[in-house]
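File shown here: structure-v7.cif, holding mmCIF, C-alpha atoms and all ligand atoms.
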```
data_structure
loop_
_atom_site.label_atom_id
_atom_site.label_comp_id
_atom_site.auth_asym_id
_atom_site.auth_seq_id
_atom_site.Cartn_x
_atom_site.Cartn_y
_atom_site.Cartn_z
CA ASP A 1 73.03 59.84 -51.72
CA GLU A 2 75.85 58.12 -49.89
CA VAL A 3 77.95 55.10 -50.84
CA ARG A 4 80.29 53.45 -48.36
CA ILE A 5 82.86 51.03 -49.70
CA VAL A 6 85.51 48.84 -48.07
CA VAL A 7 88.33 47.31 -50.14
CA ILE A 8 89.68 43.92 -49.07
CA GLY A 9 92.27 41.47 -50.38
CA LYS A 10 95.83 40.21 -50.18
CA THR A 11 98.85 42.50 -50.33
CA GLY A 12 99.86 43.59 -53.81
CA VAL A 13 96.65 42.68 -55.63
CA GLY A 14 95.97 46.38 -56.29
CA LYS A 15 93.60 47.42 -53.51
CA SER A 16 95.11 50.88 -53.06
CA ALA A 17 95.44 51.39 -56.82
CA THR A 18 91.76 50.50 -57.25
CA ALA A 19 90.74 52.79 -54.38
CA ASN A 20 92.72 55.59 -56.07
CA SER A 21 91.01 54.90 -59.40
CA ILE A 22 87.64 55.16 -57.67
CA ILE A 23 88.38 58.45 -55.93
CA GLY A 24 90.26 59.80 -58.95
CA GLU A 25 93.43 60.83 -57.17
CA PRO A 26 96.56 59.11 -55.86
CA TYR A 27 95.54 59.39 -52.21
CA PHE A 28 96.35 55.87 -51.02
CA THR A 29 99.93 54.67 -51.28
CA SER A 30 100.17 52.13 -54.06
CA ARG A 31 103.44 50.59 -55.09
CA PRO A 32 104.99 47.35 -56.29
CA GLY A 33 106.74 44.95 -53.96
CA ALA A 34 105.73 42.32 -51.47
CA ALA A 35 105.65 44.45 -48.31
CA SER A 36 102.28 45.75 -47.22
CA VAL A 37 102.29 49.53 -47.69
CA THR A 38 99.02 50.27 -45.93
CA VAL A 39 99.50 49.55 -42.25
CA ASN A 40 96.17 50.71 -40.85
CA CYS A 41 92.80 51.10 -42.44
CA GLU A 42 92.54 54.47 -44.15
CA LYS A 43 89.46 56.36 -45.22
CA LYS A 44 88.84 58.98 -47.86
CA VAL A 45 85.55 60.69 -48.61
CA VAL A 46 84.96 62.17 -52.07
CA ASN A 47 82.15 63.30 -54.31
CA ILE A 48 81.60 61.15 -57.37
CA LEU A 49 78.78 61.66 -59.86
CA GLY A 50 76.80 63.57 -57.25
CA LYS A 51 77.26 60.93 -54.58
CA LYS A 52 79.20 61.13 -51.36
CA VAL A 53 81.52 58.16 -51.60
CA SER A 54 83.57 56.99 -48.61
CA ILE A 55 86.15 54.38 -49.27
CA VAL A 56 88.21 52.44 -46.72
CA ASP A 57 91.46 50.90 -47.89
CA THR A 58 92.74 48.02 -45.77
CA PRO A 59 96.19 46.57 -45.17
CA GLY A 60 96.98 43.26 -46.84
CA ILE A 61 96.26 41.40 -43.68
CA PHE A 62 95.83 37.91 -44.99
CA ASP A 63 99.44 37.22 -45.75
CA THR A 64 101.02 38.66 -42.64
CA ARG A 65 101.47 36.24 -39.81
CA VAL A 66 98.94 37.47 -37.31
CA SER A 67 96.64 35.39 -35.15
CA SER A 68 93.15 34.77 -36.40
CA GLU A 69 91.79 36.81 -33.50
CA THR A 70 93.93 39.87 -34.25
CA LEU A 71 93.04 39.57 -37.92
CA GLU A 72 89.35 39.51 -37.14
CA ILE A 73 89.66 42.59 -34.94
CA GLU A 74 91.62 44.42 -37.64
CA ILE A 75 89.03 43.70 -40.30
CA ARG A 76 86.18 44.64 -37.97
CA LYS A 77 87.99 47.88 -37.26
CA CYS A 78 88.20 48.61 -41.00
CA ILE A 79 84.53 47.77 -41.45
CA ALA A 80 83.70 49.95 -38.43
CA MET A 81 85.29 52.90 -40.25
CA THR A 82 82.37 52.76 -42.67
CA LEU A 83 79.82 52.96 -39.86
CA PRO A 84 76.92 52.38 -39.86
CA GLY A 85 78.28 49.82 -42.39
CA PRO A 86 79.49 49.35 -45.97
CA HIS A 87 77.09 49.22 -48.93
CA ALA A 88 79.73 47.32 -50.86
CA VAL A 89 82.68 45.12 -49.93
CA LEU A 90 85.17 44.91 -52.80
CA PHE A 91 87.10 41.64 -52.83
CA VAL A 92 90.12 42.42 -54.96
CA LEU A 93 91.97 39.81 -57.05
CA ASN A 94 94.75 40.28 -59.59
CA LEU A 95 93.99 38.76 -63.00
CA ASN A 96 97.68 37.91 -63.38
CA ASP A 97 97.69 35.72 -60.27
CA ARG A 98 96.38 32.20 -60.39
CA TYR A 99 93.47 31.72 -58.02
CA THR A 100 94.82 29.35 -55.37
CA ASP A 101 93.47 27.27 -52.51
CA ASN A 102 94.85 29.94 -50.22
CA ASP A 103 92.67 32.55 -51.92
CA TYR A 104 89.70 30.28 -51.41
CA LYS A 105 90.63 29.95 -47.72
CA VAL A 106 90.58 33.74 -47.40
CA TYR A 107 87.07 33.74 -48.83
CA LYS A 108 85.99 30.95 -46.46
CA TYR A 109 87.53 32.83 -43.55
CA PHE A 110 85.32 35.75 -44.35
CA LEU A 111 82.14 33.75 -44.40
CA GLU A 112 83.08 32.07 -41.15
CA HIS A 113 83.84 35.28 -39.28
CA PHE A 114 81.44 37.73 -40.87
CA GLY A 115 78.55 35.47 -41.81
CA ASP A 116 77.03 34.54 -45.15
CA LYS A 117 75.33 37.91 -45.07
CA ILE A 118 78.49 39.58 -46.22
CA LEU A 119 77.97 37.83 -49.58
CA ASN A 120 75.02 40.16 -50.22
CA TYR A 121 77.39 43.11 -50.28
CA GLY A 122 80.40 41.63 -52.08
CA ILE A 123 81.69 42.52 -55.51
CA VAL A 124 84.77 40.84 -56.99
CA VAL A 125 87.17 43.36 -58.51
CA PHE A 126 89.78 42.01 -60.90
CA THR A 127 92.75 44.33 -61.30
CA ASN A 128 95.31 44.27 -64.11
CA ALA A 129 92.60 44.31 -66.74
CA ASP A 130 95.36 45.60 -69.06
CA ALA A 131 96.67 42.03 -69.23
CA ILE A 132 93.48 40.66 -70.81
CA GLN A 133 92.93 43.81 -72.83
CA ARG A 134 96.30 43.29 -74.49
CA ALA A 135 95.20 39.77 -75.40
CA ASN A 136 91.88 41.15 -76.63
CA GLN A 137 90.01 38.95 -74.22
CA SER A 138 86.81 39.70 -72.34
CA LEU A 139 86.64 39.09 -68.59
CA ASP A 140 83.99 36.38 -68.97
CA ASN A 141 86.05 34.72 -71.63
CA PHE A 142 89.15 34.80 -69.46
CA LEU A 143 87.31 33.43 -66.42
CA GLU A 144 86.09 30.39 -68.34
CA ASN A 145 89.47 28.79 -67.67
CA SER A 146 89.58 29.72 -64.00
CA PRO A 147 89.50 27.15 -61.17
CA GLU A 148 86.13 25.83 -60.02
CA THR A 149 86.68 27.42 -56.62
CA LEU A 150 86.76 30.88 -58.18
CA LYS A 151 83.69 30.09 -60.28
CA ASP A 152 81.91 29.08 -57.06
CA VAL A 153 82.95 32.29 -55.33
CA LEU A 154 81.64 34.38 -58.21
CA LYS A 155 78.38 32.46 -58.17
CA PHE A 156 77.92 33.13 -54.45
CA PHE A 157 78.58 36.82 -55.05
CA GLY A 158 75.66 36.83 -57.48
CA ASN A 159 78.20 37.06 -60.32
CA ARG A 160 78.91 40.68 -59.41
CA LYS A 161 82.33 41.38 -60.84
CA ILE A 162 84.24 44.10 -62.59
CA ALA A 163 87.66 44.45 -64.19
CA PHE A 164 89.84 47.47 -63.42
CA ASN A 165 92.76 48.75 -65.43
CA ASN A 166 94.40 51.01 -62.88
CA ILE A 167 97.22 52.06 -65.18
CA ASP A 168 95.40 53.51 -68.21
CA LYS A 169 93.75 56.62 -66.74
CA SER A 170 91.57 57.09 -69.82
CA GLN A 171 89.57 54.06 -68.64
CA THR A 172 89.06 55.24 -65.07
CA ARG A 173 85.85 57.19 -65.55
CA ILE A 174 83.92 54.47 -67.33
CA GLN A 175 85.13 51.80 -64.88
CA VAL A 176 84.04 53.86 -61.88
CA GLN A 177 80.66 54.57 -63.50
CA CYS A 178 80.24 50.86 -64.06
CA LEU A 179 81.13 50.08 -60.44
CA ILE A 180 78.71 52.72 -59.13
CA THR A 181 75.98 51.17 -61.31
CA ILE A 182 76.68 47.75 -59.79
CA ILE A 183 76.59 49.24 -56.28
CA ASP A 184 73.33 51.10 -57.00
CA ALA A 185 71.74 47.84 -58.15
CA LEU A 186 73.14 46.13 -55.06
CA LYS A 187 71.63 48.78 -52.79
CA GLN A 188 68.30 48.35 -54.51
CA GLY A 189 68.46 44.58 -54.20
CA ASN A 190 69.39 44.93 -50.53
CA HIS A 191 66.78 47.62 -49.87
CA ASN A 192 65.72 46.04 -46.57
CA ASP A 193 69.33 45.99 -45.35
CA PRO A 194 71.13 48.43 -47.64
CA TYR A 195 74.44 48.02 -45.84
CA TYR A 196 76.33 45.30 -44.03
CA GLU A 197 75.92 45.68 -40.30
CA ASP A 198 78.31 44.15 -37.82
CA LYS A 199 75.85 42.40 -35.53
CA ASN A 200 78.63 40.70 -33.56
CA PHE A 201 78.41 42.96 -30.56
CA ARG A 202 74.67 42.86 -30.31
CA ARG A 203 75.05 39.11 -30.17
CA VAL A 204 77.61 39.33 -27.36
CA ASP A 205 75.25 41.59 -25.48
CA GLU A 206 72.41 39.12 -25.78
CA LEU A 207 74.64 36.24 -24.85
CA LEU A 208 75.82 38.02 -21.72
CA ARG A 209 72.32 38.92 -20.64
CA LYS A 210 71.24 35.35 -21.12
CA VAL A 211 74.08 33.99 -19.09
CA MET A 212 73.59 36.59 -16.34
CA GLN A 213 69.89 35.91 -16.00
CA GLY A 214 70.74 32.27 -15.66
CA GLU A 215 68.56 31.38 -18.61
CA GLU A 216 68.88 27.85 -19.85
CA LYS A 217 70.89 27.14 -16.73
CA HIS A 218 70.08 23.50 -17.04
CA ARG A 219 71.57 23.33 -20.51
CA LYS A 220 75.11 23.94 -21.64
CA THR A 221 75.79 26.51 -18.92
CA GLU A 222 79.49 25.81 -18.76
CA GLU A 223 79.80 26.00 -22.50
CA GLN A 224 77.93 29.28 -22.63
CA LEU A 225 80.09 30.73 -19.90
CA ASP A 226 83.24 29.78 -21.72
CA GLU A 227 81.88 31.29 -24.89
CA ALA A 228 80.87 34.43 -23.04
CA LYS A 229 84.31 34.72 -21.45
CA LEU A 230 85.95 34.45 -24.83
CA GLU A 231 83.57 36.96 -26.33
CA ILE A 232 84.18 39.38 -23.45
CA LYS A 233 87.90 39.08 -24.04
CA LYS A 234 87.39 39.83 -27.72
CA LEU A 235 84.96 42.62 -26.91
CA ASN A 236 87.40 44.29 -24.53
CA GLU A 237 90.14 44.19 -27.10
CA TYR A 238 87.77 45.49 -29.74
CA CYS A 239 86.53 48.28 -27.49
CA ARG A 240 90.06 49.32 -26.72
CA ILE A 241 90.87 49.64 -30.41
CA ARG A 242 87.54 51.09 -31.46
CA ASP A 243 87.29 53.73 -28.79
CA GLU A 244 88.94 56.34 -30.99
CA ASP A 245 86.81 55.41 -34.00
CA LEU A 246 83.64 55.76 -31.97
CA LYS A 247 84.66 59.16 -30.67
CA ALA A 248 85.33 60.30 -34.22
CA LEU A 249 82.05 58.84 -35.41
CA LYS A 250 80.03 60.63 -32.76
CA LEU A 251 81.59 63.92 -33.78
CA GLU A 252 80.81 63.13 -37.40
CA TRP A 253 77.33 61.82 -36.72
CA PRO A 254 75.26 64.97 -37.32
CA ARG A 255 76.83 65.23 -40.78
CA ILE A 256 76.46 61.53 -41.59
CA ASN A 257 72.87 61.61 -40.44
CA ALA A 258 72.00 64.91 -42.12
CA ALA A 259 69.67 63.50 -44.77
CA LYS A 260 68.51 60.41 -42.92
CA ASP A 261 66.88 59.39 -39.74
CA LEU A 262 69.33 56.74 -38.64
CA PRO A 263 69.43 55.53 -35.07
CA GLN A 264 72.23 56.96 -32.93
CA PRO A 265 75.21 54.58 -32.98
CA GLU A 266 75.26 52.54 -29.84
CA ASN A 267 78.36 52.57 -27.78
CA TYR A 268 78.72 48.95 -26.86
CA CYS A 269 81.84 49.65 -24.89
CA GLU A 270 80.05 52.13 -22.63
CA LYS A 271 77.12 49.80 -22.21
CA GLU A 272 79.53 47.11 -21.21
CA ASP A 273 81.05 49.39 -18.56
CA LYS A 274 77.66 50.32 -17.12
CA SER A 275 76.45 46.78 -16.77
CA ALA A 276 79.72 45.94 -15.05
CA ASP A 277 79.06 48.66 -12.43
CA THR A 278 75.59 47.49 -11.47
N1 LIG B 1 99.50 46.83 -64.81
C1 LIG B 1 98.73 47.05 -63.74
N2 LIG B 1 99.30 47.20 -62.54
C2 LIG B 1 98.49 47.43 -61.48
C3 LIG B 1 97.08 47.52 -61.59
N3 LIG B 1 96.56 47.74 -60.36
C4 LIG B 1 97.60 47.82 -59.51
N4 LIG B 1 98.77 47.63 -60.16
C5 LIG B 1 100.11 47.66 -59.59
O1 LIG B 1 100.24 46.65 -58.59
C6 LIG B 1 101.12 47.07 -57.56
C7 LIG B 1 100.50 46.87 -56.20
O2 LIG B 1 99.38 47.72 -56.08
P1 LIG B 1 98.81 48.24 -54.69
O3 LIG B 1 97.68 49.13 -55.00
O4 LIG B 1 99.90 48.81 -53.85
O5 LIG B 1 98.31 46.87 -54.04
P2 LIG B 1 97.71 46.63 -52.57
O6 LIG B 1 98.82 46.11 -51.73
O7 LIG B 1 96.66 45.60 -52.75
O8 LIG B 1 97.16 47.92 -52.08
C8 LIG B 1 101.45 48.54 -57.87
O9 LIG B 1 102.72 48.61 -58.45
C9 LIG B 1 100.39 48.96 -58.84
O10 LIG B 1 100.83 49.96 -59.73
C10 LIG B 1 96.51 47.35 -62.91
O11 LIG B 1 95.29 47.39 -63.11
N5 LIG B 1 97.39 47.12 -63.93
MG MG B 2 97.61 48.99 -50.34
#
```
Now that the file is in, can you turn its structure into C-alpha cells?
Ligand SMILES: Nc1nc2c(ncn2[C@@H]2O[C@H](COP(=O)(O)OP(=O)(O)O)[C@@H](O)[C@H]2O)c(=O)[nH]1
Ligand SMILES: [Mg+2]
Amino acid sequence: DEVRIVVIGKTGVGKSATANSIIGEPYFTSRPGAASVTVNCEKKVVNILGKKVSIVDTPGIFDTRVSSETLEIEIRKCIAMTLPGPHAVLFVLNLNDRYTDNDYKVYKYFLEHFGDKILNYGIVVFTNADAIQRANQSLDNFLENSPETLKDVLKFFGNRKIAFNNIDKSQTRIQVQCLITIIDALKQGNHNDPYYEDKNFRRVDELLRKVMQGEEKHRKTEEQLDEAKLEIKKLNEYCRIRDEDLKALKLEWPRINAAKDLPQPENYCEKEDKSADT
C-alpha cells in the first residue's frame, strides 16, 4: 500500500515542518525567517502505519521572483518526483496569516497550469494549529470568519482540510493518522484515477503529431505551429531538467512496481529525440 504526497505552498507557511511531522523525524530543514530554506524539491520515503509513504517537499516558489515558465517547470519537476504521480497534493496555509488575494492567485495559478483535475487530489493543511488551540477554537469555527475566497477554495477541494500543530509532538501521531484517513478516502473516491497524472507531455506529443501530419491544415495552422513551437521549447527545457529524475526512476521502477502492474514510464524526451531523427 503506497501513498505519494507532494507538499506545496508559500515560503514559511510550514511545509517542511508539516512534512517532518508526517514522516516523524526532522529530515527536511525547517526554520523561521523569510528566506526559502528548501532550494530544490526533496523526497523522503518512510513507512507509516504499514504504508510506504513518499513525501516531496518543495521550495517556496511562489514568492521568489521567477518567470511563470520557470515556476511551472519547477513544480512539474517536484510532481515528477512522485512518479507515476501524487495521491495527494497538500496545499499548506498558516492559520496565523490572513488569506490574501495573492494566496488566491497562487491557487488560480495552479488550476490554470495543472488543470481542474488537481482539485481532486488537493487537501488544505493549516499549520500553527497551536494558535487556535490556545484560544480553544475549532478549525471550522475559526474558518467561519475567513475571506470568501478561502471558503471557495475549501469548497472546491471538497472541504478536505486538516490542522497541524507541528510544535507539540504529542499531537503528531493523531494528526498523521487523520491525514492518512483523509488520503485513503481520497484514493477510494478517485479509484478510477487514484493519482494525479501529468498529462502535459502526452498532449504535446499529440499536438506535434497533428501538426506534422498536416491535420486541420485549413484551420488555425499558424496558431497551432506557434503553440507547438512554444511547447517544444518548454518540453526541451523540461527534458533537460527531468533527465536525471527519469534515470533515477527507471532504476527504481522494479521496486515501485513490485506489487502492481503499472505501465513502464514513458520517456518523452527519448521519444522526442527519435521522432526528430526520422
Ligand atoms: N508555532 C508553530 N510554528 C510552526 C508550525 N509549523 C511550522 N512552524 C514554524 O514556522 C517556521 C517556518 O516553517 P518551515 O517548515 O521552514 O516553512 P516552509 O518554508 O513552508 O517549509 C519554522 O520556524 C517552524 O518551526 C506550527 O504548527 N506551529
Ligand atoms: Mg521548507
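Between atom CA of Phe157 of chain A and atom CA of Leu143 of chain A there is a distance of 14.7 Å.
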Quiz item: If you count only C-alpha atoms and all ligand atoms, which residues end up within 8 Å of ligand MG 2 (chain B), as a list of chain:residue names?
Solution: A:Thr11, A:Gly12, A:Gly14, A:Lys15, A:Ser16, A:Ala17, A:Phe28, A:Thr29, A:Ser30, A:Arg31, A:Ser36, A:Val37, A:Thr38, A:Asp57, A:Thr58, A:Pro59, A:Gly60
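Restricting the calculation to all atoms listed in the file, the smallest distance between ligand LIG 1 (chain B) and any of A:Val45, A:Ala88, A:Leu83, A:Val125 is found for A:Val125.
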Practice problem: Kindly indicate which residue among A:Met81, A:Val3, A:Val89, A:Leu95 lies nearest to ligand LIG 1 (chain B), using all atoms listed in the file for the distances. | Solution: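 Once distances to ligand LIG 1 (chain B) are computed over all atoms listed in the file, the minimum belongs to A:Leu95.
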Taking all atoms of ligand LIG 1 (chain B) that appear in the file, build a box with edges along x, y and z, extend it by 5 Å on every side, and state its centre and edge lengths in Å to one decimal, as lines of an AutoDock Vina configuration file.
```
center_x = 99.0
center_y = 47.8
center_z = -58.3
size_x = 17.4
size_y = 14.4
size_z = 23.1
```
Quiz prompt | Residue with smallest distance to Arg4 of chain A - pool A:Gly158, A:Pro254, A:Pro84, A:Gly189, counting all atoms listed in the file | solution = A:Pro84
Quiz item: Looking at A:Glu223, A:Glu112, A:Asp184, A:Asp168, which one is nearest to ligand LIG 1 (chain B), with distances taken over all atoms listed in the file?
Solution: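 Ranking A:Glu223, A:Glu112, A:Asp184, A:Asp168 by distance to ligand LIG 1 (chain B), first place goes to A:Asp168.
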Practice problem: Please determine the residues with any atom at most 10 Å from (72.1, 41.3, -48.1) (coordinates as given in the file, with all atoms listed in the file counting) and report them as a list in words. | Solution: His87, Asp116, Lys117, Ile118, Leu119, Asn120, Tyr121, Gly122, Leu186, Lys187, Gly189, Asn190, His191, Asn192, Asp193, Pro194, Tyr195, Tyr196 and Glu197 of chain A
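Put simply, atom CA of Pro86 of chain A is 25.9 Å away from atom N2 of ligand LIG 1 (chain B).
Residue nearest Lys161 of chain A, chosen from A:Glu2, A:Glu237, A:Asp140, A:Asp101 and counting all atoms listed in the file: A:Asp140.
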Quiz item: For Arg160 of chain A, which residue out of A:Cys178, A:Ile183, A:Ile123, A:Val92 is the nearest one, using only C-alpha atoms?
Solution: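 For Arg160 of chain A, the nearest of the given residues is A:Ile123.
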Exercise. Could you jot down the atom CA of Asp198 of chain A to atom CA of Val13 of chain A separation for me, Å, one decimal place?
Key: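 For atom CA of Asp198 of chain A relative to atom CA of Val13 of chain A, the distance reads 25.6 Å.
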Quiz prompt | Ref. answer, residues at most 12 Å from (90.9, 27.5, -60.5) with all atoms listed in the file, as a PyMOL selection string | solution = chain A and resi 95+97-104+142-154
Assuming the input is short of atoms at segment 151-162 of chain A, produce all heavy atoms for that part as a short mmCIF file (atom, residue, chain, number, x, y, z; two decimals), in the coordinates of the input.
```
data_model
loop_
_atom_site.label_atom_id
_atom_site.label_comp_id
_atom_site.auth_asym_id
_atom_site.auth_seq_id
_atom_site.Cartn_x
_atom_site.Cartn_y
_atom_site.Cartn_z
N LYS A 151 85.03 30.05 -59.66
CA LYS A 151 83.69 30.09 -60.28
C LYS A 151 82.60 30.03 -59.20
O LYS A 151 81.59 30.71 -59.30
CB LYS A 151 83.54 28.93 -61.28
CG LYS A 151 84.33 29.15 -62.54
CD LYS A 151 84.15 28.00 -63.51
CE LYS A 151 85.02 28.24 -64.75
NZ LYS A 151 85.18 27.02 -65.54
N ASP A 152 82.86 29.19 -58.18
CA ASP A 152 81.91 29.08 -57.06
C ASP A 152 81.78 30.42 -56.34
O ASP A 152 80.68 30.87 -56.03
CB ASP A 152 82.39 28.04 -56.04
CG ASP A 152 81.97 26.64 -56.45
OD1 ASP A 152 81.23 26.53 -57.45
OD2 ASP A 152 82.39 25.68 -55.78
N VAL A 153 82.94 31.01 -56.05
CA VAL A 153 82.95 32.29 -55.33
C VAL A 153 82.12 33.31 -56.10
O VAL A 153 81.26 33.99 -55.53
CB VAL A 153 84.40 32.79 -55.12
CG1 VAL A 153 84.42 34.22 -54.65
CG2 VAL A 153 85.12 31.89 -54.13
N LEU A 154 82.36 33.40 -57.39
CA LEU A 154 81.64 34.38 -58.21
C LEU A 154 80.13 34.11 -58.18
O LEU A 154 79.33 35.03 -58.09
CB LEU A 154 82.15 34.35 -59.65
CG LEU A 154 83.53 34.99 -59.83
CD1 LEU A 154 84.14 34.62 -61.17
CD2 LEU A 154 83.43 36.51 -59.70
N LYS A 155 79.80 32.82 -58.21
CA LYS A 155 78.38 32.46 -58.17
C LYS A 155 77.74 32.95 -56.87
O LYS A 155 76.66 33.53 -56.88
CB LYS A 155 78.26 30.93 -58.31
CG LYS A 155 76.92 30.48 -58.83
CD LYS A 155 76.96 29.05 -59.32
CE LYS A 155 77.14 28.07 -58.19
NZ LYS A 155 77.56 26.72 -58.64
N PHE A 156 78.46 32.72 -55.75
CA PHE A 156 77.92 33.13 -54.45
C PHE A 156 77.82 34.65 -54.32
O PHE A 156 77.01 35.15 -53.57
CB PHE A 156 78.72 32.52 -53.30
CG PHE A 156 78.44 31.06 -53.11
CD1 PHE A 156 79.47 30.13 -53.21
CD2 PHE A 156 77.15 30.63 -52.88
CE1 PHE A 156 79.19 28.77 -53.05
CE2 PHE A 156 76.87 29.28 -52.72
CZ PHE A 156 77.90 28.35 -52.81
N PHE A 157 78.65 35.36 -55.06
CA PHE A 157 78.58 36.82 -55.05
C PHE A 157 77.56 37.32 -56.09
O PHE A 157 77.62 38.48 -56.47
CB PHE A 157 79.94 37.44 -55.32
CG PHE A 157 80.84 37.50 -54.13
CD1 PHE A 157 82.06 36.84 -54.11
CD2 PHE A 157 80.47 38.22 -53.00
CE1 PHE A 157 82.89 36.89 -53.00
CE2 PHE A 157 81.30 38.27 -51.89
CZ PHE A 157 82.51 37.61 -51.90
N GLY A 158 76.68 36.43 -56.51
CA GLY A 158 75.66 36.83 -57.48
C GLY A 158 76.28 37.26 -58.80
O GLY A 158 75.70 38.06 -59.54
N ASN A 159 77.48 36.75 -59.08
CA ASN A 159 78.20 37.06 -60.32
C ASN A 159 78.50 38.55 -60.47
O ASN A 159 78.67 39.05 -61.58
CB ASN A 159 77.43 36.53 -61.52
CG ASN A 159 78.38 36.19 -62.66
OD1 ASN A 159 79.55 35.85 -62.44
ND2 ASN A 159 77.89 36.32 -63.88
N ARG A 160 78.55 39.25 -59.34
CA ARG A 160 78.91 40.68 -59.41
C ARG A 160 80.42 40.79 -59.51
O ARG A 160 81.14 40.40 -58.59
CB ARG A 160 78.41 41.42 -58.16
CG ARG A 160 76.91 41.62 -58.11
CD ARG A 160 76.52 42.40 -56.88
NE ARG A 160 76.91 41.70 -55.65
CZ ARG A 160 76.17 40.80 -55.04
NH1 ARG A 160 74.97 40.49 -55.50
NH2 ARG A 160 76.61 40.20 -53.95
N LYS A 161 80.88 41.27 -60.64
CA LYS A 161 82.33 41.38 -60.84
C LYS A 161 82.61 42.53 -61.80
O LYS A 161 81.74 42.95 -62.57
CB LYS A 161 82.88 40.08 -61.39
CG LYS A 161 82.27 39.66 -62.72
CD LYS A 161 82.87 38.35 -63.15
CE LYS A 161 82.39 37.90 -64.52
NZ LYS A 161 80.96 37.82 -64.74
N ILE A 162 83.84 43.01 -61.71
CA ILE A 162 84.24 44.10 -62.59
C ILE A 162 85.75 44.04 -62.76
O ILE A 162 86.47 43.62 -61.85
CB ILE A 162 83.78 45.46 -62.01
CG1 ILE A 162 84.09 46.61 -62.96
CG2 ILE A 162 84.38 45.73 -60.63
CD1 ILE A 162 83.41 47.92 -62.60
#
```
